[in-house]
Amino acid sequence: MTDLLGLASRVAGWARDGEQVEAYVARGHDTEVVVFEGEVESLSSAESAGIGIRVINGPRQGFAYAGSLDPEVVEETLAEARDNAGFATDDEFVGLASPDGVPAADLNLWRDDLASFPASEKVSLALELDRAVRAGDPRIRQVQASEWGDGALESAVATSTGIAASSRRTSCYLSAYAVAGSGSETQTGGGYSVGRSPADLDLEKAAGDAVERATRLLGAVKPRSAHLTVVFEPRITASILGILAGTLDGESVLKGRSLFANRLGEEVSVASVTLVDDPTDAEAYGATRYDAEGLATRRNVLIERGVLQRFLYNTYSARRAGTASTASAVRGGFKSAPGTGARALALVPGTLSPAEVLSKVGDGLMVQSISGVHSGVNPVSGDFSVGAEGMLIKNGELAGPVREFTIASTIQRMLGGVVAIGDDLERLPSNAAGVTLAVADVSMSGA
Amino acid sequence: MLVRRPGDASIRTGAPNGVLNGRNVLIDESVVEGVIATALRTGGDFAEVFAEDRRGSLARLDDGRVEELTSGRERGAGIRVVAGETTGFAHTSDLSESGLRAAAEAAAAAARGGGGGLRIAPLSRLEAPMPNSVDVLPESVPKSDKVDLLRRADESARGAGAAIRQVSAVYGDSRRRILVANSEGVLASDDQVKTRFAVSCVASGDAGMQTGRESIGSTVGFELFKTVDVDELGRLAANRALTKLKARPAPSGSLPVVIKRGSGGVLFHEACGHGLEADHIAKEVSVFAGKVGERVASPLVTLVDDGTMGPEWGALAIDDEGHPAGRNVLIENGVLTDYMWDWLRSRKEGRRSSGNGRRESYQHLPMVRMTNTYVLAGEDDPDEIIRQTPHGVYVAQLGGGQVNTATGDFVFGMTEAYLIEDGEITEPLRDANLIGNGPEVLRNIDVVGNDFAMGPPGTCGKKGQGVPVGDGQPTLRVTALTIGGTAR
């Protein structure tokens with residue numbers, strides 16, 4: 001097995017005079033088991049590795065990648081990145097990260113028991129999940145897929161400016177997507193459980209969620225259009241926080257593409273909202289010791305008691321903004337140069353249980369799934385319009401199910417319209433954690 | 001789910017011949033035969049080797065700067081073994097004989113087939129016709145020429161008005177060589193070259209910021225820019241953002257919607273395309289299961305999925321299972337005629353694949369996927385359709401969409417839309433999603449125009465895999481769709 005940090009450091013050492021070189025090396029192993037109607041539909045096992053090299057020659061930057069760690073390919077990739085740098089516009093702010101003295105959090109995100117977990121056990125769990133969903137309710141007509149998935153990712157980043165960082169993590173999940181039927185009607189719902197090792201997974205919860213979410217929508221009707229208070233389930237809140245992260249990206253702010261530009265220090269939300277991105281929180285799915293440029297991660301408070309406190313920066317955007325990196329460099333694997341992004345967003349939870357949130361809302365709508373986020377949310381203008389499914393709320397309790405409608409507002413208005421935050425922080429497989437969240441004055445478009 | 005890069009495109013036909021006539025072979029035939037034999041040694045009904053070599057380059061201009069050029073290369077092979085109902089899959093970036101054999105053994109172990117002794121058919125090479133020509137391979141073009149395109153688009157966009165505050169432009173090209181061989185004797189290869197270009201603008205006014213985007217993409221080489229004017233793309237994107245500065249909140253509730261030619265293919269992609277994929281049919285998670293021969297749409301609707309439609313974005317000579325691309329009529333005059341098929345689903349039904357088995361890369365299993373999906377033109381005058389709509393919404397550009405195939409509920413986003421008042425297009429509207437139910441919307445199409453255009457290049461996502469797809473349609477009207485605006 002290649003020593004990843006050794007390889008990255010070797011490549012960084014090939015920097016010529018006046019040049020900075022960064023090498024990011026990653027290797028992953030994934031398994032996926034898909035079960036359908038009590039049989040294994042597919043079992044995939046995959047090992048992949050690659051390198052992404054950034055070269056900064058004076059004021060110009062180039063990037064190249066390859067899906068191989070073969071020495072000859074690595075050399076070609078460096079040459080290609082060097083060549084690419086020649087065509088970029090001069091930019092005094094380009095530059096690689098340098099060690100900034102912040103110590104890395106003591107996180108152990110690797111579990112050996114996943115590596116030794118036999119394939120037969122993974123298959124058994126996926127089959128058991130499938131049985132549990134089917135047995136969960138007589139109205140479950142089909143389970144579209146019951147899945148086991150796991151991954152082990154190791155990566156290293158080294159630069160000619162002194163960065164040398166490596167990290168590794170394991171993760172695994174069980175997920176099921178159930179189809180409930182009654183007469184000619186069909187409804188769907190999904191459930192899952194995520195962890196770092198098989199011991200973390202809760203099969204009963206994954207199955208139970210899929211069953212409950214599919215069956216409770218049976219009988220759903222298209223609601224009448226209205227303006228009302230909407231309660232987002234934790235996983236929907238997490239999606240919305242993910243969208244919000246894009247507007248708090250320092251690069252978007254610099255480039256005039258964020259609705260929060262020039263609003264640092266202003267009230268952008270109600271006082272109950274405190275939003276934090278903390279990749280040093282070991283419980284967060286996106287926890288990591290180092291960011292994608294090899295700086296130690298840190299806890300960043302973005303909104304504190306409704307006041308906008310900070311944007312997220314990587315090395316480049318921080319230099320341009322005249323500030324320090326918040327260690328928020330992220331990459332989509334070895335195939336891309338680092339951008340900026342949140343990894344572990346969470347709202348500071350409130351004090352109300354989800355039932356108390358409903359009771360406080362009185363009449364409104366509880367949203368359990370949304371669709372069309374990529375086509376209906378514009379993070380520049382703030383326009384927000386998505387398809388939704390859920391349950392009406394009457395007198396503080398869940399009433400009838402509704403579907404085929406949209407909910408719409410703007411990101412700005414929603415932040416100002418938060419009326420209750422639940423105490424039910426839920427860790428989700430994304431860059432944000434969820435919590436029950438009630439927002440007033442949202443448009444529901446239906447019949 | 002279709003993530004769209006909006007814009008306009010019209011159908012062009014490619015001349016035969018081109019630079020790709022000698023399709024390179026990634027692995028020696030004798031090695032392929034040995035690997036298939038290894039994959040089936042412990043049993044199994046079917047084995048397949050899919051090898052891929054992909055190179056691409058990307059250049060991005062943002063905020064007046066060409067930020068960086070990126071180029072990349074990936075190659076490897078995915079090996080699939082099917083035993084009974086179970087598929088085993090493994091992939092490797094090592095295309096040596098030993099690397100391939102190791103992956104074959106891993107896939108075989110995953111499939112855990114019993115028995116063995118399957119007869120392997122001798123490989124027979126298929127030469128499917130190329131859907132289009134490629135005249136100028138992107139790798140042969142100086143990088144400075146690609147960068148020049150970005151600068152021109154930036155200049156023309158900024159020249160459109162002082163309210164344009166930000167411009168980004170992206171040039172991208174890819175070359176994907178594939179080889180597919182299987183135990184049924186299929187041996188086929190393809191060399192797929194794609195080129196694309198997009199411009200995005202931000203305009204700023206009293207009421208906040210607005211965005212405009214325009215993109216183009218074809219299964220051709222750098223000659224794309226002989227017919228596409230990047231200055232014009234820049235102006236269009238900028239004008240779209242400027243127009244929207246005056247936009248008012250979209251209506252909320254149900255209204256008639258007229259969709260401009262070439263901007264609503266995504267509606268059909270989501271409303272029925274995904275529901276006509278044979279894997280969803282087999283699992284009975286499609287509202288169209290068991291409905292072949294039945295009327296599922298207005299008699300004005302004829303829907304086709306066509307991988308042979310060169311040089312459109314979703315065109316291919318062979319699919320990723322080595323079967324020739326086809327022109328498949330899915331709905332004819334409102335009647336459901338067929339589904340789309342890959343090898344796995346067609347085998348179970350004892351029929352031929354329709355050439356719709358596709359995968360994102362060698363690291364993925366193939367699935368039933370669309371190629372270029374479009375509705376044939378009708379007979380009505382597009383202007384007349386608007387005139388005869390007293391009150392409604394005119395959609396001139398769409399974002400993307402998403403569907404729940406089990407319920408048929410789908411959404412798609414409008415990124416350029418206007419009110420129709422008294423038969424005339426009036427005020428621009430802010431971005432919003434529309435929602436509808438597939439079968440209902442298909443029945444509620446009451447007029448279809450005599451014009452037609454393909455839409456901009458899209459990426460269709462399914463189970464986490466993205467593949468390039470195209471779509472198109474004539475101007476048409478849906479009598480009622482729910483518009484997700486905020487107007488009171």
# chains A, B, ... in the order shown; residues from 1 in each chain; ligands from 1

$ residues_around --residues "Ile393 (chain A)" --least-positions-apart "4" --cutoff "6 Å" --atoms "only C-alpha atoms" --output "PyMOL selection string"
chain A and resi 363-365+397-399

$ interface_residues --of "chain A" --to "chain B" --cutoff "7 Å" --atoms "only C-alpha atoms" --output "CSV table (one decimal) with N, CA, C and O atoms, in the first residue's frame"
chain,number,residue,atom,x,y,z
A,40,VAL,N,-30.5,-10.6,-2.8
A,40,VAL,CA,-29.5,-9.6,-3.1
A,40,VAL,C,-29.6,-9.2,-4.5
A,40,VAL,O,-29.4,-10.1,-5.4
A,41,GLU,N,-29.9,-8.0,-4.8
A,41,GLU,CA,-29.9,-7.5,-6.2
A,41,GLU,C,-28.5,-7.2,-6.7
A,41,GLU,O,-28.2,-7.6,-7.8
A,42,SER,N,-27.7,-6.6,-5.9
A,42,SER,CA,-26.3,-6.3,-6.3
A,42,SER,C,-25.4,-6.2,-5.1
A,42,SER,O,-25.8,-5.7,-4.0
A,43,LEU,N,-24.2,-6.5,-5.3
A,43,LEU,CA,-23.1,-6.3,-4.3
A,43,LEU,C,-21.9,-5.8,-5.0
A,43,LEU,O,-21.4,-6.4,-5.9
A,44,SER,N,-21.6,-4.5,-4.7
A,44,SER,CA,-20.5,-3.9,-5.4
A,44,SER,C,-19.3,-3.7,-4.4
A,44,SER,O,-19.6,-3.3,-3.3
A,45,SER,N,-18.1,-3.9,-4.9
A,45,SER,CA,-17.0,-3.5,-4.0
A,45,SER,C,-16.0,-2.8,-4.9
A,45,SER,O,-15.8,-3.1,-6.0
A,46,ALA,N,-15.5,-1.7,-4.3
A,46,ALA,CA,-14.8,-0.8,-5.1
A,46,ALA,C,-13.6,-0.2,-4.4
A,46,ALA,O,-13.7,0.2,-3.2
A,47,GLU,N,-12.5,-0.1,-5.0
A,47,GLU,CA,-11.3,0.5,-4.5
A,47,GLU,C,-10.9,1.6,-5.5
A,47,GLU,O,-10.8,1.3,-6.7
A,61,GLN,N,-2.3,30.1,-11.3
A,61,GLN,CA,-2.6,28.8,-10.7
A,61,GLN,C,-3.1,27.8,-11.8
A,61,GLN,O,-3.9,28.2,-12.6
A,62,GLY,N,-2.6,26.6,-11.7
A,62,GLY,CA,-3.1,25.5,-12.6
A,62,GLY,C,-3.4,24.3,-11.8
A,62,GLY,O,-2.9,24.1,-10.7
A,63,PHE,N,-4.3,23.4,-12.3
A,63,PHE,CA,-4.7,22.2,-11.6
A,63,PHE,C,-4.8,21.1,-12.6
A,63,PHE,O,-5.2,21.2,-13.7
A,64,ALA,N,-4.4,19.9,-12.1
A,64,ALA,CA,-4.7,18.7,-12.9
A,64,ALA,C,-4.9,17.5,-12.0
A,64,ALA,O,-4.4,17.5,-10.8
A,65,TYR,N,-5.6,16.5,-12.4
A,65,TYR,CA,-5.8,15.3,-11.6
A,65,TYR,C,-5.7,14.0,-12.4
A,65,TYR,O,-5.8,14.1,-13.6
A,66,ALA,N,-5.6,12.9,-11.7
A,66,ALA,CA,-5.6,11.6,-12.4
A,66,ALA,C,-6.1,10.6,-11.4
A,66,ALA,O,-5.9,10.7,-10.2
A,67,GLY,N,-6.8,9.6,-11.9
A,67,GLY,CA,-7.4,8.6,-11.1
A,67,GLY,C,-6.4,7.4,-11.0
A,67,GLY,O,-6.8,6.3,-11.3
A,68,SER,N,-5.2,7.7,-10.6
A,68,SER,CA,-4.2,6.7,-10.5
A,68,SER,C,-3.1,7.2,-9.6
A,68,SER,O,-2.8,8.4,-9.6
A,84,ASN,N,-1.0,24.1,-17.3
A,84,ASN,CA,-2.3,24.8,-17.1
A,84,ASN,C,-2.1,26.2,-16.5
A,84,ASN,O,-2.8,27.1,-16.8
A,85,ALA,N,-1.1,26.3,-15.5
A,85,ALA,CA,-0.9,27.5,-14.8
A,85,ALA,C,-0.6,28.6,-15.7
A,85,ALA,O,-0.9,29.8,-15.5
A,87,PHE,N,-1.9,29.6,-18.3
A,87,PHE,CA,-3.0,30.2,-19.0
A,87,PHE,C,-3.9,31.0,-18.1
A,87,PHE,O,-4.9,31.5,-18.6
A,88,ALA,N,-3.7,31.0,-16.8
A,88,ALA,CA,-4.5,31.7,-15.9
A,88,ALA,C,-4.2,33.2,-15.9
A,88,ALA,O,-3.1,33.6,-16.3
A,89,THR,N,-5.2,34.0,-15.5
A,89,THR,CA,-4.9,35.4,-15.3
A,89,THR,C,-4.1,35.7,-14.1
A,89,THR,O,-4.2,35.0,-13.1
A,144,GLN,N,-38.6,-0.5,-2.3
A,144,GLN,CA,-37.9,-0.2,-3.6
A,144,GLN,C,-36.4,-0.7,-3.5
A,144,GLN,O,-35.9,-1.3,-4.5
A,186,THR,N,-50.7,5.2,-4.0
A,186,THR,CA,-49.3,4.8,-3.6
A,186,THR,C,-48.6,6.0,-2.9
A,186,THR,O,-48.8,7.1,-3.4
A,187,GLN,N,-47.9,5.7,-1.8
A,187,GLN,CA,-47.1,6.8,-1.2
A,187,GLN,C,-45.7,6.2,-0.8
A,187,GLN,O,-45.6,5.0,-0.7
A,225,SER,N,-54.4,26.5,-1.4
A,225,SER,CA,-53.3,27.4,-1.2
A,225,SER,C,-53.5,28.3,0.0
A,225,SER,O,-54.7,28.6,0.3
A,255,LYS,N,-17.4,38.0,-4.4
A,255,LYS,CA,-17.7,38.1,-5.8
A,255,LYS,C,-19.1,38.6,-6.0
A,255,LYS,O,-19.7,38.5,-7.1
A,256,GLY,N,-19.7,39.2,-5.0
A,256,GLY,CA,-21.0,39.8,-5.2
A,256,GLY,C,-22.1,38.9,-5.5
A,256,GLY,O,-23.0,39.2,-6.2
A,371,SER,N,-38.7,18.5,-2.6
A,371,SER,CA,-38.1,18.1,-3.9
A,371,SER,C,-37.8,19.4,-4.7
A,371,SER,O,-38.4,20.4,-4.5
A,372,GLY,N,-36.9,19.2,-5.7
A,372,GLY,CA,-36.6,20.3,-6.6
A,372,GLY,C,-35.8,21.4,-6.0
A,372,GLY,O,-35.9,22.6,-6.4
A,375,SER,N,-33.5,23.2,-8.4
A,375,SER,CA,-34.1,24.1,-9.4
A,375,SER,C,-35.0,25.2,-8.9
A,375,SER,O,-35.3,26.1,-9.6
A,376,GLY,N,-35.3,25.1,-7.6
A,376,GLY,CA,-36.2,26.1,-7.0
A,376,GLY,C,-35.6,27.0,-6.0
A,376,GLY,O,-36.4,27.9,-5.4
A,380,VAL,N,-28.6,33.4,-4.8
A,380,VAL,CA,-28.1,34.7,-5.0
A,380,VAL,C,-29.3,35.7,-4.7
A,380,VAL,O,-29.1,36.7,-4.0
A,381,SER,N,-30.5,35.4,-5.3
A,381,SER,CA,-31.6,36.3,-5.0
A,381,SER,C,-32.3,36.0,-3.7
A,381,SER,O,-33.0,36.8,-3.2
A,383,ASP,N,-34.6,33.6,-3.6
A,383,ASP,CA,-35.9,33.0,-3.8
A,383,ASP,C,-35.9,31.5,-3.5
A,383,ASP,O,-35.0,30.8,-3.8
A,385,SER,N,-38.4,28.1,-3.5
A,385,SER,CA,-39.7,27.5,-3.9
A,385,SER,C,-39.4,26.0,-4.1
A,385,SER,O,-38.6,25.6,-5.0
A,386,VAL,N,-40.0,25.1,-3.4
A,386,VAL,CA,-39.8,23.6,-3.5
A,386,VAL,C,-41.1,22.9,-3.4
A,386,VAL,O,-42.0,23.3,-2.8
A,387,GLY,N,-41.1,21.7,-4.1
A,387,GLY,CA,-42.2,20.8,-3.9
A,387,GLY,C,-42.2,20.2,-2.5
A,387,GLY,O,-41.1,20.1,-1.9
A,404,GLU,N,-48.4,17.0,-3.4
A,404,GLU,CA,-48.5,17.8,-4.6
A,404,GLU,C,-48.8,19.2,-4.4
A,404,GLU,O,-49.7,19.8,-4.9
A,405,PHE,N,-47.9,19.9,-3.6
A,405,PHE,CA,-48.0,21.3,-3.4
A,405,PHE,C,-46.6,21.8,-3.3
A,405,PHE,O,-45.6,21.1,-3.2
A,406,THR,N,-46.4,23.2,-3.4
A,406,THR,CA,-45.1,23.8,-3.1
A,406,THR,C,-45.1,24.7,-1.9
A,406,THR,O,-46.2,25.1,-1.5
A,407,ILE,N,-44.0,24.9,-1.3
A,407,ILE,CA,-43.9,25.9,-0.3
A,407,ILE,C,-42.8,26.9,-0.8
A,407,ILE,O,-41.9,26.6,-1.4
A,408,ALA,N,-43.1,28.2,-0.6
A,408,ALA,CA,-42.2,29.2,-1.1
A,408,ALA,C,-42.1,30.4,-0.2
A,408,ALA,O,-43.0,30.7,0.6
A,409,SER,N,-40.9,31.0,-0.2
A,409,SER,CA,-40.6,32.2,0.6
A,409,SER,C,-39.3,32.8,0.0
A,409,SER,O,-39.0,32.5,-1.1
A,443,SER,N,-45.6,30.6,1.9
A,443,SER,CA,-46.7,30.4,1.0
A,443,SER,C,-46.8,28.9,0.6
A,443,SER,O,-45.8,28.3,0.3
A,445,SER,N,-48.6,26.6,-2.1
A,445,SER,CA,-49.4,26.6,-3.3
A,445,SER,C,-49.9,25.2,-3.6
A,445,SER,O,-49.1,24.3,-3.7
A,446,GLY,N,-51.2,25.1,-3.6
A,446,GLY,CA,-51.8,23.8,-3.9
A,446,GLY,C,-53.0,24.0,-4.9
A,446,GLY,O,-52.8,24.8,-5.9
A,447,ALA,N,-54.1,23.5,-4.5
A,447,ALA,CA,-55.3,23.6,-5.4
A,447,ALA,C,-55.8,25.1,-5.4
A,447,ALA,O,-55.6,25.8,-4.5

$ select_by_dssp --residues "region 34-258 of chain A" --states "strand (DSSP E or B)" --output "JSON, numbers by chain"
{"A": [34, 35, 36, 39, 40, 41, 42, 43, 44, 45, 46, 47, 48, 49, 50, 51, 52, 53, 54, 55, 56, 57, 60, 61, 62, 63, 64, 65, 66, 140, 141, 142, 143, 144, 145, 146, 147, 148, 149, 150, 151, 152, 153, 154, 155, 156, 157, 158, 159, 164, 165, 166, 167, 168, 169, 170, 171, 172, 173, 174, 175, 176, 177, 178, 179, 180, 181, 182, 185, 186, 187, 188, 189, 190, 191, 192, 193, 194, 195, 221, 226, 227, 228, 229, 230, 231, 232, 249]}

$ residues_around --residues "region 343-354 of chain B" --least-positions-apart "6" --cutoff "12 Å" --atoms "only C-alpha atoms" --output "PyMOL selection string"
(chain A and resi 41-42) or (chain B and resi 45-48+80-87+182+184+186+277-283+305-308+318-330+365-371)

$ residues_around --residues "region 52-55 of chain A" --least-positions-apart "2" --cutoff "8 Å" --atoms "only C-alpha atoms" --output "VMD selection string"
chain A and resid 19 to 25 50 57 61 to 66 77 to 78 81 to 82 85 334 to 337

$ residues_around --residues "Ala135 (chain A)" --least-positions-apart "5" --cutoff "10 Å" --atoms "only C-alpha atoms" --output "list of chain:residue names"
A:Leu129, A:Asp130, A:Ile140, A:Ala207, A:Val211

$ write_last_selection --atoms "all heavy atoms" --output "PDB file, in the first residue's frame"
ATOM      1  N   LEU A 129     -33.144  -5.759   7.184  1.00  0.00           N
ATOM      2  CA  LEU A 129     -33.810  -4.460   7.053  1.00  0.00           C
ATOM      3  C   LEU A 129     -35.020  -4.599   6.124  1.00  0.00           C
ATOM      4  O   LEU A 129     -36.117  -4.098   6.412  1.00  0.00           O
ATOM      5  CB  LEU A 129     -32.823  -3.427   6.500  1.00  0.00           C
ATOM      6  CG  LEU A 129     -33.371  -2.031   6.218  1.00  0.00           C
ATOM      7  CD1 LEU A 129     -33.832  -1.351   7.506  1.00  0.00           C
ATOM      8  CD2 LEU A 129     -32.316  -1.163   5.525  1.00  0.00           C
ATOM      9  N   ASP A 130     -34.819  -5.298   5.011  1.00  0.00           N
ATOM     10  CA  ASP A 130     -35.895  -5.504   4.037  1.00  0.00           C
ATOM     11  C   ASP A 130     -37.084  -6.213   4.702  1.00  0.00           C
ATOM     12  O   ASP A 130     -38.238  -5.801   4.556  1.00  0.00           O
ATOM     13  CB  ASP A 130     -35.339  -6.339   2.879  1.00  0.00           C
ATOM     14  CG  ASP A 130     -36.239  -6.308   1.657  1.00  0.00           C
ATOM     15  OD1 ASP A 130     -36.537  -5.200   1.186  1.00  0.00           O
ATOM     16  OD2 ASP A 130     -36.638  -7.391   1.189  1.00  0.00           O
ATOM     17  N   ILE A 140     -47.560  -1.856   3.587  1.00  0.00           N
ATOM     18  CA  ILE A 140     -46.307  -1.737   2.816  1.00  0.00           C
ATOM     19  C   ILE A 140     -46.398  -2.703   1.642  1.00  0.00           C
ATOM     20  O   ILE A 140     -46.470  -3.914   1.800  1.00  0.00           O
ATOM     21  CB  ILE A 140     -45.068  -2.065   3.687  1.00  0.00           C
ATOM     22  CG1 ILE A 140     -44.923  -1.055   4.824  1.00  0.00           C
ATOM     23  CG2 ILE A 140     -43.795  -2.068   2.812  1.00  0.00           C
ATOM     24  CD1 ILE A 140     -44.686   0.378   4.401  1.00  0.00           C
ATOM     25  N   ALA A 207     -35.909   1.102   9.683  1.00  0.00           N
ATOM     26  CA  ALA A 207     -37.106   0.435   9.163  1.00  0.00           C
ATOM     27  C   ALA A 207     -38.361   1.168   9.611  1.00  0.00           C
ATOM     28  O   ALA A 207     -39.276   1.424   8.819  1.00  0.00           O
ATOM     29  CB  ALA A 207     -37.137  -1.022   9.641  1.00  0.00           C
ATOM     30  N   VAL A 211     -41.328   2.969   7.260  1.00  0.00           N
ATOM     31  CA  VAL A 211     -42.726   2.520   7.343  1.00  0.00           C
ATOM     32  C   VAL A 211     -43.643   3.676   7.733  1.00  0.00           C
ATOM     33  O   VAL A 211     -44.665   3.934   7.090  1.00  0.00           O
ATOM     34  CB  VAL A 211     -42.863   1.360   8.362  1.00  0.00           C
ATOM     35  CG1 VAL A 211     -44.330   1.051   8.629  1.00  0.00           C
ATOM     36  CG2 VAL A 211     -42.129   0.124   7.861  1.00  0.00           C
TER      37      VAL A 211
END

$ select_by_dssp --residues "region 285-424 of chain A" --states "alpha helix (DSSP H)" --output "ChimeraX atom specification"
/A:315-321,354-361,373-376,411-416

$ write_last_selection --atoms "N, CA, C and O atoms" --output "short mmCIF file (atom, residue, chain, number, x, y, z; two decimals), in the first residue's frame"
data_model
loop_
_atom_site.label_atom_id
_atom_site.label_comp_id
_atom_site.auth_asym_id
_atom_site.auth_seq_id
_atom_site.Cartn_x
_atom_site.Cartn_y
_atom_site.Cartn_z
N THR A 315 -7.95 29.51 1.93
CA THR A 315 -6.76 30.37 1.93
C THR A 315 -6.89 31.51 0.91
O THR A 315 -6.63 32.67 1.22
N TYR A 316 -7.33 31.16 -0.31
CA TYR A 316 -7.41 32.18 -1.36
C TYR A 316 -8.42 33.27 -1.01
O TYR A 316 -8.10 34.46 -1.05
N SER A 317 -9.65 32.86 -0.67
CA SER A 317 -10.68 33.88 -0.44
C SER A 317 -10.33 34.72 0.80
O SER A 317 -10.64 35.91 0.85
N ALA A 318 -9.67 34.12 1.77
CA ALA A 318 -9.28 34.87 2.96
C ALA A 318 -8.23 35.93 2.60
O ALA A 318 -8.31 37.08 3.04
N ARG A 319 -7.26 35.55 1.78
CA ARG A 319 -6.23 36.52 1.37
C ARG A 319 -6.87 37.69 0.64
O ARG A 319 -6.52 38.84 0.83
N ARG A 320 -7.84 37.36 -0.22
CA ARG A 320 -8.49 38.42 -0.99
C ARG A 320 -9.31 39.32 -0.08
O ARG A 320 -9.44 40.51 -0.32
N ALA A 321 -9.90 38.71 0.96
CA ALA A 321 -10.75 39.49 1.85
C ALA A 321 -9.93 40.18 2.94
O ALA A 321 -10.48 40.92 3.76
N PRO A 354 -40.33 18.30 19.93
CA PRO A 354 -41.07 18.44 18.67
C PRO A 354 -42.58 18.58 18.91
O PRO A 354 -43.24 19.39 18.25
N ALA A 355 -43.12 17.84 19.89
CA ALA A 355 -44.56 17.94 20.17
C ALA A 355 -44.91 19.33 20.67
O ALA A 355 -45.96 19.90 20.33
N GLU A 356 -44.01 19.90 21.49
CA GLU A 356 -44.26 21.26 22.00
C GLU A 356 -44.19 22.31 20.88
O GLU A 356 -44.90 23.31 20.92
N VAL A 357 -43.30 22.04 19.88
CA VAL A 357 -43.23 22.96 18.74
C VAL A 357 -44.58 22.96 18.01
O VAL A 357 -45.13 24.02 17.70
N LEU A 358 -45.12 21.75 17.77
CA LEU A 358 -46.42 21.64 17.08
C LEU A 358 -47.49 22.37 17.88
O LEU A 358 -48.31 23.11 17.33
N SER A 359 -47.47 22.15 19.16
CA SER A 359 -48.48 22.74 20.02
C SER A 359 -48.40 24.27 19.99
O SER A 359 -49.40 24.97 19.96
N LYS A 360 -47.16 24.78 19.95
CA LYS A 360 -46.97 26.23 19.89
C LYS A 360 -47.49 26.80 18.57
O LYS A 360 -48.02 27.91 18.51
N VAL A 361 -47.28 26.00 17.49
CA VAL A 361 -47.70 26.46 16.16
C VAL A 361 -49.23 26.50 16.04
O VAL A 361 -49.80 27.36 15.39
N VAL A 373 -34.96 21.09 -4.96
CA VAL A 373 -34.15 22.12 -4.30
C VAL A 373 -33.17 22.76 -5.29
O VAL A 373 -32.98 23.97 -5.31
N HIS A 374 -32.56 21.93 -6.18
CA HIS A 374 -31.57 22.48 -7.11
C HIS A 374 -32.21 23.40 -8.15
O HIS A 374 -31.54 24.25 -8.71
N SER A 375 -33.51 23.23 -8.42
CA SER A 375 -34.13 24.07 -9.45
C SER A 375 -34.97 25.19 -8.86
O SER A 375 -35.32 26.13 -9.57
N GLY A 376 -35.29 25.12 -7.58
CA GLY A 376 -36.22 26.09 -7.02
C GLY A 376 -35.64 27.02 -5.97
O GLY A 376 -36.35 27.85 -5.42
N ILE A 411 -35.07 33.19 1.41
CA ILE A 411 -34.18 32.80 2.50
C ILE A 411 -34.18 33.89 3.57
O ILE A 411 -34.24 33.61 4.77
N GLN A 412 -34.15 35.16 3.13
CA GLN A 412 -34.14 36.28 4.07
C GLN A 412 -35.37 36.26 4.97
O GLN A 412 -35.27 36.41 6.19
N ARG A 413 -36.55 36.07 4.36
CA ARG A 413 -37.79 36.09 5.14
C ARG A 413 -37.89 34.91 6.09
O ARG A 413 -38.39 35.02 7.22
N MET A 414 -37.40 33.75 5.62
CA MET A 414 -37.50 32.57 6.48
C MET A 414 -36.64 32.74 7.74
O MET A 414 -37.05 32.35 8.83
N LEU A 415 -35.43 33.33 7.58
CA LEU A 415 -34.57 33.53 8.76
C LEU A 415 -35.25 34.48 9.75
O LEU A 415 -35.13 34.31 10.97
N GLY A 416 -35.96 35.45 9.21
CA GLY A 416 -36.65 36.40 10.09
C GLY A 416 -37.94 35.84 10.67
O GLY A 416 -38.49 36.40 11.61
#

$ residues_around --residues "Gly422 (chain A)" --least-positions-apart "5" --cutoff "8 Å" --atoms "only C-alpha atoms" --output "PyMOL selection string"
chain A and resi 349-354+357+435-437

$ atom_distance --atom1 "CA of Glu440 (chain B)" --atom2 "CA of Val179 (chain A)"
20.6 Å

$ residues_around --residues "Asn239 (chain B)" --least-positions-apart "4" --cutoff "8 Å" --atoms "only C-alpha atoms" --output "number ranges by chain"
B: 160, 212, 235, 243

$ write_last_selection --atoms "C-alpha atoms" --output "CSV table (one decimal), in the first residue's frame"
chain,number,residue,atom,x,y,z
B,160,ALA,CA,-25.0,44.4,-21.8
B,212,GLY,CA,-29.2,34.8,-15.7
B,235,ARG,CA,-25.4,38.9,-24.0
B,243,THR,CA,-34.9,41.5,-17.2

$ closest_residue --among "B:Gly221, B:Gly334, B:Gly461, B:Gly392" --to "Val478 (chain B)" --atoms "only C-alpha atoms"
B:Gly392

$ atom_distance --atom1 "CA of Asn450 (chain B)" --atom2 "CA of Pro299 (chain B)"
15.1 Å

$ closest_residue --among "A:Arg305, A:Gly189, A:Ser116, A:Ser258" --to "Ile243 (chain A)" --atoms "only C-alpha atoms"
A:Ser258

$ closest_residue --among "B:Gly205, B:Pro131, B:Gly234, B:Pro142" --to "Asp154 (chain B)" --atoms "only C-alpha atoms"
B:Gly234

$ closest_residue --among "B:Gly265, B:Pro468, B:Gly159, B:Gly275" --to "Thr195 (chain B)" --atoms "only C-alpha atoms"
B:Pro468
